[in-house]
file final.cif (mmCIF, C-alpha atoms and all ligand atoms)
data_entry
loop_
_atom_site.label_atom_id
_atom_site.label_comp_id
_atom_site.auth_asym_id
_atom_site.auth_seq_id
_atom_site.Cartn_x
_atom_site.Cartn_y
_atom_site.Cartn_z
CA MET A 74 47.47 -53.88 36.72
CA ASP A 75 48.85 -50.39 35.94
CA LEU A 76 46.76 -47.24 36.37
CA HIS A 77 45.97 -46.90 32.65
CA ALA A 78 44.61 -50.47 32.52
CA ARG A 79 42.68 -50.00 35.78
CA ARG A 80 41.04 -46.85 34.43
CA ALA A 81 40.24 -48.48 31.08
CA ASP A 82 38.47 -51.30 32.92
CA SER A 83 36.88 -49.17 35.68
CA PHE A 84 33.58 -48.14 34.07
CA GLY A 85 31.69 -51.40 34.79
CA ALA A 86 31.60 -50.55 38.51
CA GLN A 87 29.39 -47.57 37.56
CA ALA A 88 27.57 -49.10 34.57
CA GLY A 89 24.02 -48.17 35.68
CA ALA A 90 25.02 -44.62 36.65
CA TYR A 91 27.03 -44.30 33.42
CA ALA A 92 23.97 -45.16 31.33
CA GLU A 93 21.78 -42.81 33.32
CA HIS A 94 24.06 -39.80 33.69
CA ARG A 95 26.48 -39.56 30.75
CA PRO A 96 25.41 -37.36 27.83
CA ASP A 97 24.40 -38.64 24.40
CA TYR A 98 26.13 -37.74 21.11
CA PRO A 99 24.61 -35.21 18.69
CA VAL A 100 23.17 -36.71 15.52
CA ALA A 101 25.01 -34.07 13.43
CA ALA A 102 28.30 -35.57 14.63
CA ILE A 103 27.27 -39.05 13.47
CA ARG A 104 26.18 -37.71 10.07
CA TRP A 105 29.39 -35.72 9.56
CA ALA A 106 31.46 -38.82 10.39
CA LEU A 107 29.65 -40.80 7.68
CA GLU A 108 29.80 -38.10 4.97
CA PRO A 109 32.84 -39.59 3.14
CA LEU A 110 30.75 -42.70 2.35
CA GLY A 111 28.58 -40.44 0.18
CA THR A 112 25.32 -42.30 0.69
CA SER A 113 22.17 -42.02 2.76
CA GLU A 114 21.62 -45.79 2.59
CA ARG A 115 21.57 -48.12 5.57
CA LEU A 116 25.17 -48.95 6.49
CA ASP A 117 26.98 -51.73 8.38
CA VAL A 118 28.38 -49.90 11.37
CA LEU A 119 30.56 -51.12 14.24
CA ASP A 120 30.46 -49.28 17.57
CA LEU A 121 33.77 -50.26 19.18
CA ALA A 122 34.08 -49.85 22.98
CA ALA A 123 30.35 -49.30 22.95
CA GLY A 124 29.97 -49.09 26.75
CA THR A 125 26.32 -48.90 27.77
CA GLY A 126 25.30 -47.89 24.23
CA LYS A 127 25.25 -44.08 24.33
CA LEU A 128 26.59 -43.81 20.78
CA THR A 129 25.07 -47.15 19.70
CA SER A 130 21.54 -45.88 20.25
CA GLY A 131 22.26 -42.83 18.06
CA LEU A 132 23.56 -45.08 15.28
CA VAL A 133 20.53 -47.38 15.53
CA ALA A 134 18.18 -44.38 15.49
CA GLU A 135 19.82 -43.28 12.22
CA GLY A 136 18.69 -46.61 10.74
CA HIS A 137 22.06 -48.38 10.44
CA ARG A 138 22.78 -52.11 10.99
CA VAL A 139 24.85 -51.84 14.15
CA THR A 140 27.24 -54.24 15.84
CA ALA A 141 28.38 -53.13 19.30
CA VAL A 142 31.64 -54.52 20.72
CA GLU A 143 32.52 -53.97 24.37
CA PRO A 144 34.94 -55.83 26.68
CA ASN A 145 33.39 -55.01 30.06
CA GLU A 146 30.64 -57.44 31.02
CA GLN A 147 28.63 -55.00 33.17
CA MET A 148 28.75 -52.27 30.49
CA LEU A 149 27.72 -54.76 27.78
CA SER A 150 24.78 -56.08 29.89
CA GLU A 151 23.57 -52.52 30.38
CA LEU A 152 23.79 -51.94 26.61
CA VAL A 153 21.80 -55.12 25.87
CA ARG A 154 19.14 -54.06 28.37
CA ARG A 155 18.82 -50.55 26.94
CA VAL A 156 19.46 -50.74 23.19
CA HIS A 157 17.42 -52.98 20.90
CA ASP A 158 17.99 -53.87 17.22
CA VAL A 159 21.72 -54.24 17.78
CA ARG A 160 24.13 -57.18 17.62
CA ALA A 161 26.13 -56.98 20.86
CA LEU A 162 29.42 -58.87 21.20
CA PRO A 163 32.09 -59.08 23.91
CA GLY A 164 35.49 -58.08 22.54
CA HIS A 165 38.44 -55.71 22.50
CA ALA A 166 39.69 -53.16 19.96
CA GLU A 167 42.94 -55.10 19.73
CA HIS A 168 41.10 -58.27 18.66
CA ILE A 169 37.75 -57.39 17.08
CA PRO A 170 35.32 -60.34 16.82
CA VAL A 171 34.19 -59.41 13.28
CA PRO A 172 35.35 -60.85 9.88
CA ASP A 173 37.60 -58.96 7.42
CA SER A 174 36.15 -56.18 5.20
CA THR A 175 32.58 -56.41 6.52
CA VAL A 176 31.78 -52.95 7.89
CA ASP A 177 31.36 -49.51 6.32
CA ALA A 178 32.22 -47.53 9.43
CA VAL A 179 33.83 -48.03 12.83
CA PHE A 180 32.78 -45.57 15.55
CA VAL A 181 34.66 -45.14 18.81
CA GLY A 182 32.97 -42.97 21.46
CA THR A 183 35.26 -41.47 24.11
CA ALA A 184 37.44 -44.58 24.17
CA PHE A 185 40.16 -44.47 21.49
CA HIS A 186 42.65 -43.22 24.12
CA TRP A 187 42.16 -46.47 26.08
CA PHE A 188 43.25 -48.69 23.18
CA ASP A 189 46.66 -50.11 22.43
CA GLN A 190 46.62 -48.11 19.20
CA GLU A 191 49.43 -50.05 17.51
CA LYS A 192 47.29 -53.18 17.67
CA ALA A 193 43.85 -51.57 17.37
CA LEU A 194 44.46 -49.59 14.16
CA PRO A 195 45.39 -52.61 11.98
CA GLU A 196 42.40 -54.48 13.48
CA ILE A 197 40.05 -51.61 12.63
CA ALA A 198 41.55 -51.46 9.10
CA ARG A 199 41.02 -55.22 8.75
CA VAL A 200 37.26 -55.12 9.49
CA LEU A 201 36.59 -52.03 7.34
CA ARG A 202 35.75 -52.23 3.65
CA PRO A 203 38.03 -50.07 1.44
CA GLY A 204 36.59 -46.54 1.45
CA GLY A 205 35.11 -47.16 4.91
CA VAL A 206 35.42 -44.67 7.75
CA LEU A 207 36.96 -44.69 11.21
CA ALA A 208 35.39 -42.02 13.42
CA ALA A 209 36.62 -41.31 16.96
CA LEU A 210 34.45 -39.00 19.06
CA TRP A 211 35.00 -37.32 22.40
CA VAL A 212 32.36 -35.44 24.42
CA GLU A 213 33.73 -32.68 26.61
CA THR A 214 32.40 -29.84 28.71
CA VAL A 215 33.05 -26.39 27.21
CA PRO A 216 36.12 -25.02 29.05
CA ASP A 217 35.57 -21.31 28.24
CA VAL A 218 32.37 -21.03 30.31
CA GLU A 219 33.41 -19.71 33.71
CA TRP A 220 31.37 -21.90 36.06
CA VAL A 221 32.25 -25.00 34.04
CA SER A 222 35.98 -24.37 34.15
CA GLU A 223 35.84 -23.58 37.88
CA LEU A 224 33.98 -26.82 38.48
CA GLU A 225 36.58 -28.74 36.45
CA GLN A 226 39.33 -27.35 38.65
CA LEU A 227 37.42 -28.21 41.82
CA SER A 228 36.77 -31.74 40.68
CA ALA A 229 40.39 -32.55 39.78
CA SER A 230 41.41 -35.75 41.54
CA SER A 231 44.84 -37.17 42.36
CA VAL A 232 44.57 -39.05 39.05
CA GLU A 233 45.58 -36.73 36.24
CA SER A 234 43.52 -36.67 33.04
CA ARG A 235 45.54 -35.96 29.93
CA ARG A 236 44.47 -36.82 26.41
CA ASP A 237 46.96 -37.37 23.58
CA ASP A 238 46.41 -35.48 20.33
CA PRO A 239 43.97 -37.67 18.31
CA THR A 240 45.62 -36.68 15.00
CA GLU A 241 48.83 -38.27 16.32
CA ILE A 242 47.42 -41.43 17.89
CA MET A 243 45.07 -42.13 14.94
CA ALA A 244 47.58 -41.68 12.11
CA HIS A 245 48.18 -44.99 10.26
CA PRO A 246 49.23 -45.93 6.69
CA SER A 247 45.99 -47.90 6.08
CA PHE A 248 44.07 -44.61 6.36
CA GLY A 249 43.99 -41.21 4.65
CA PRO A 250 44.46 -37.96 6.59
CA VAL A 251 42.60 -37.29 9.84
CA GLU A 252 39.85 -34.63 9.60
CA ARG A 253 38.27 -32.91 12.59
CA SER A 254 34.99 -31.15 13.34
CA ILE A 255 33.29 -29.89 16.49
CA PHE A 256 29.60 -30.07 17.38
CA PRO A 257 28.23 -28.01 20.28
CA HIS A 258 25.37 -29.45 22.31
CA THR A 259 24.13 -29.54 25.89
CA GLN A 260 23.10 -31.92 28.61
CA ARG A 261 20.15 -31.04 30.82
CA ARG A 262 20.75 -31.69 34.52
CA ASP A 263 17.91 -31.38 37.04
CA SER A 264 20.05 -30.56 40.06
CA PRO A 265 23.64 -30.14 41.29
CA GLU A 266 23.47 -33.77 42.49
CA ALA A 267 22.71 -34.97 38.95
CA LEU A 268 25.78 -33.19 37.55
CA ILE A 269 27.90 -34.64 40.35
CA ALA A 270 26.55 -38.08 39.40
CA THR A 271 27.81 -37.49 35.84
CA THR A 272 31.26 -36.48 37.11
CA ASN A 273 31.41 -39.64 39.22
CA THR A 274 31.27 -41.79 36.07
CA TYR A 275 34.68 -40.53 34.90
CA SER A 276 37.51 -43.02 35.44
CA ARG A 277 39.57 -40.42 37.30
CA MET A 278 36.79 -40.40 39.94
CA ILE A 279 36.03 -44.15 39.89
CA VAL A 280 39.58 -45.32 40.65
CA ILE A 281 40.30 -43.01 43.61
CA ASP A 282 39.53 -44.01 47.19
CA GLU A 283 36.17 -43.32 48.83
CA GLU A 284 37.53 -40.62 51.14
CA GLU A 285 39.01 -38.53 48.31
CA ARG A 286 35.85 -38.95 46.21
CA ALA A 287 33.62 -37.82 49.12
CA ALA A 288 35.77 -34.72 49.67
CA ILE A 289 35.63 -33.76 45.96
CA ASN A 290 31.87 -34.35 45.83
CA GLU A 291 31.36 -32.15 48.86
CA LYS A 292 33.35 -29.30 47.25
CA MET A 293 31.41 -29.63 43.98
CA LEU A 294 28.06 -29.62 45.78
CA ALA A 295 28.88 -26.49 47.78
CA PHE A 296 30.04 -24.74 44.58
CA LEU A 297 27.02 -25.73 42.45
CA ARG A 298 24.57 -24.78 45.21
CA GLN A 299 25.91 -21.23 45.33
CA ARG A 300 26.34 -20.57 41.59
CA PRO A 301 23.35 -18.73 40.03
CA GLU A 302 23.62 -20.86 36.85
CA THR A 303 23.14 -24.15 38.71
CA SER A 304 21.43 -23.48 42.04
CA ASN A 305 17.86 -22.92 40.82
CA GLY A 306 16.32 -26.00 39.24
CA PRO A 307 17.25 -27.58 35.90
CA PHE A 308 20.21 -26.22 33.92
CA ASP A 309 22.04 -27.05 30.71
CA VAL A 310 25.68 -28.09 30.77
CA PRO A 311 27.44 -26.75 27.66
CA LEU A 312 29.19 -29.57 25.81
CA ARG A 313 31.02 -30.10 22.58
CA SER A 314 31.56 -33.32 20.67
CA GLU A 315 34.89 -33.42 18.91
CA VAL A 316 34.91 -35.81 15.96
CA TYR A 317 37.97 -37.13 14.12
CA ARG A 318 37.37 -39.14 10.94
CA MET A 319 39.59 -40.85 8.40
CA VAL A 320 38.99 -43.07 5.39
CA ARG A 321 40.34 -46.61 4.89
CA VAL A 322 42.51 -46.58 1.76
CA SER A 323 42.69 -49.53 -0.67
CA GLU A 324 45.92 -51.53 -0.66
C1 LIG A 401 34.29 -43.75 28.53
S1 LIG A 401 33.62 -45.32 28.09
C2 LIG A 401 32.81 -44.96 26.52
C3 LIG A 401 31.65 -45.88 26.25
C4 LIG A 401 30.77 -45.49 25.07
N1 LIG A 401 31.50 -45.56 23.83
C5 LIG A 401 30.22 -44.10 25.25
O1 LIG A 401 30.51 -43.23 24.43
O2 LIG A 401 29.48 -43.88 26.21
C6 LIG A 401 35.05 -46.21 27.57
C7 LIG A 401 34.73 -47.65 27.17
O3 LIG A 401 35.88 -48.23 26.55
C8 LIG A 401 35.93 -49.59 26.92
N2 LIG A 401 37.31 -50.07 26.67
C9 LIG A 401 38.40 -49.85 27.42
N3 LIG A 401 39.47 -50.45 26.87
C10 LIG A 401 39.05 -51.03 25.72
C11 LIG A 401 39.69 -51.81 24.70
N4 LIG A 401 40.98 -52.07 24.74
N5 LIG A 401 38.93 -52.26 23.66
C12 LIG A 401 37.62 -51.98 23.59
N6 LIG A 401 36.96 -51.26 24.54
C13 LIG A 401 37.67 -50.79 25.59
C14 LIG A 401 35.51 -49.57 28.38
O4 LIG A 401 35.10 -50.84 28.85
C15 LIG A 401 34.37 -48.55 28.35
O5 LIG A 401 33.12 -49.14 28.12
#
call {"tool": "encode", "arguments": {"input": "final.cif", "output": "structure tokens"}}
result
Amino acid sequence: MDLHARRADSFGAQAGAYAEHRPDYPVAAIRWALEPLGTSERLDVLDLAAGTGKLTSGLVAEGHRVTAVEPNEQMLSELVRRVHDVRALPGHAEHIPVPDSTVDAVFVGTAFHWFDQEKALPEIARVLRPGGVLAALWVETVPDVEWVSELEQLSASSVESRRDDPTEIMAHPSFGPVERSIFPHTQRRDSPEALIATTNTYSRMIVIDEEERAAINEKMLAFLRQRPETSNGPFDVPLRSEVYRMVRVSE
């Protein structure tokens, strides 16, 4: 298995920690993604690569009929345990277990970069009704805050993290132009250890060996314990959710 495939399939090993320590998505991001549908009615929504249900629970809370699709068994079990009122199915983006033209929106939370986009985009177009929306979201820490960017540098592992430009990897003739918006939010962490636990759910940390991970964790802990922003009780990690949306065109 190559490194990309190993990383894409790595999250299950940390499923419990993922559910506990990864941030949620802001509701404003979900609402902006659905704006092109022009309705406040209950919608049929697919959460593709749903993981442990971070985005799924936001979609359910907004009152939509949600189907969650996730290939990793441990992630899907965690989702079923934590999120109710959802139809949860095993499956991949390249072969979505949902009939043609049956959903109003497909959401992808921090996962579109793991797909084989050439296969996934026609599949997503197939399940969407004409006029439906594809929304891909990514949650990131805010790089222009000093302690955050220093921590990012300290926590770099031997596995490089590079993300392709979403407007390039999402472009497809079955869809209109890609639009983008950014939503700032925060994640409360009670201690340096809790933030380190979040970092350890990233694939670039999961796939490295134990020795390298321990060394990075030690560096992060020493740093967070001496920074005034993070050394005294609970603190907020500045985040932003980047959302890319595009509308399924009729053929
Ligand atoms: C970073 S997690 C995001 C999970 C969830 N959407 C969230 O926002 O918390 C990436 C997820 O993509 C899933 N995944 C990886 N490759 C996939 C594929 N080809 N099709 C569908 N899901 C995939 C992984 O199993 C994992 O649950």
call {"tool": "closest_residue", "arguments": {"input": "final.cif", "among": "A:Arg155, A:Arg298, A:His245, A:His186", "to": "ligand LIG 401 (chain A)", "atoms": "only C-alpha atoms and all ligand atoms"}}
result
A:His186
call {"tool": "residues_near_ligand", "arguments": {"input": "final.cif", "ligand": "ligand LIG 401 (chain A)", "cutoff": "6 Å", "atoms": "all atoms listed in the file", "output": "JSON, numbers by chain"}}
result
{"A": [81, 82, 84, 122, 123, 124, 127, 128, 143, 144, 145, 148, 165, 166, 181, 182, 183, 184, 187, 188]}
call {"tool": "residues_around", "arguments": {"input": "final.cif", "residues": "Leu312 in chain A", "least_positions_apart": "3", "cutoff": "9 Å", "atoms": "only C-alpha atoms", "output": "PyMOL selection string"}}
result
chain A and resi 96+212-216+256-260
call {"tool": "atom_distance", "arguments": {"input": "final.cif", "atom1": "CA of Ala244 in chain A", "atom2": "CA of Val316 in chain A"}}
result
14.5 Å
call {"tool": "residues_around", "arguments": {"input": "final.cif", "residues": "Val171 in chain A", "least_positions_apart": "2", "cutoff": "10 Å", "atoms": "all atoms listed in the file", "output": "PDB file with C-alpha atoms, in the coordinates of the input"}}
result
ATOM      1  CA  LEU A 119      30.560 -51.120  14.240  1.00  0.00           C
ATOM      2  CA  THR A 140      27.240 -54.240  15.840  1.00  0.00           C
ATOM      3  CA  VAL A 142      31.640 -54.520  20.720  1.00  0.00           C
ATOM      4  CA  LEU A 162      29.420 -58.870  21.200  1.00  0.00           C
ATOM      5  CA  GLY A 164      35.490 -58.080  22.540  1.00  0.00           C
ATOM      6  CA  HIS A 168      41.100 -58.270  18.660  1.00  0.00           C
ATOM      7  CA  ILE A 169      37.750 -57.390  17.080  1.00  0.00           C
ATOM      8  CA  ASP A 173      37.600 -58.960   7.420  1.00  0.00           C
ATOM      9  CA  SER A 174      36.150 -56.180   5.200  1.00  0.00           C
ATOM     10  CA  THR A 175      32.580 -56.410   6.520  1.00  0.00           C
ATOM     11  CA  VAL A 176      31.780 -52.950   7.890  1.00  0.00           C
ATOM     12  CA  GLU A 196      42.400 -54.480  13.480  1.00  0.00           C
ATOM     13  CA  ILE A 197      40.050 -51.610  12.630  1.00  0.00           C
ATOM     14  CA  ARG A 199      41.020 -55.220   8.750  1.00  0.00           C
ATOM     15  CA  VAL A 200      37.260 -55.120   9.490  1.00  0.00           C
ATOM     16  CA  LEU A 201      36.590 -52.030   7.340  1.00  0.00           C
TER      17      LEU A 201
END
call {"tool": "residues_near_point", "arguments": {"input": "final.cif", "point": "(19.2, -46.2, 24.1)", "cutoff": "9 Å", "atoms": "all atoms listed in the file", "output": "PyMOL selection string"}}
result
chain A and resi 92+125-131+133-134+152+154-157
call {"tool": "write_last_selection", "arguments": {"input": "final.cif", "atoms": "C-alpha atoms", "output": "PDB file, in the coordinates of the input"}}
result
ATOM      1  CA  ALA A  92      23.970 -45.160  31.330  1.00  0.00           C
ATOM      2  CA  THR A 125      26.320 -48.900  27.770  1.00  0.00           C
ATOM      3  CA  GLY A 126      25.300 -47.890  24.230  1.00  0.00           C
ATOM      4  CA  LYS A 127      25.250 -44.080  24.330  1.00  0.00           C
ATOM      5  CA  LEU A 128      26.590 -43.810  20.780  1.00  0.00           C
ATOM      6  CA  THR A 129      25.070 -47.150  19.700  1.00  0.00           C
ATOM      7  CA  SER A 130      21.540 -45.880  20.250  1.00  0.00           C
ATOM      8  CA  GLY A 131      22.260 -42.830  18.060  1.00  0.00           C
ATOM      9  CA  VAL A 133      20.530 -47.380  15.530  1.00  0.00           C
ATOM     10  CA  ALA A 134      18.180 -44.380  15.490  1.00  0.00           C
ATOM     11  CA  LEU A 152      23.790 -51.940  26.610  1.00  0.00           C
ATOM     12  CA  ARG A 154      19.140 -54.060  28.370  1.00  0.00           C
ATOM     13  CA  ARG A 155      18.820 -50.550  26.940  1.00  0.00           C
ATOM     14  CA  VAL A 156      19.460 -50.740  23.190  1.00  0.00           C
ATOM     15  CA  HIS A 157      17.420 -52.980  20.900  1.00  0.00           C
TER      16      HIS A 157
END
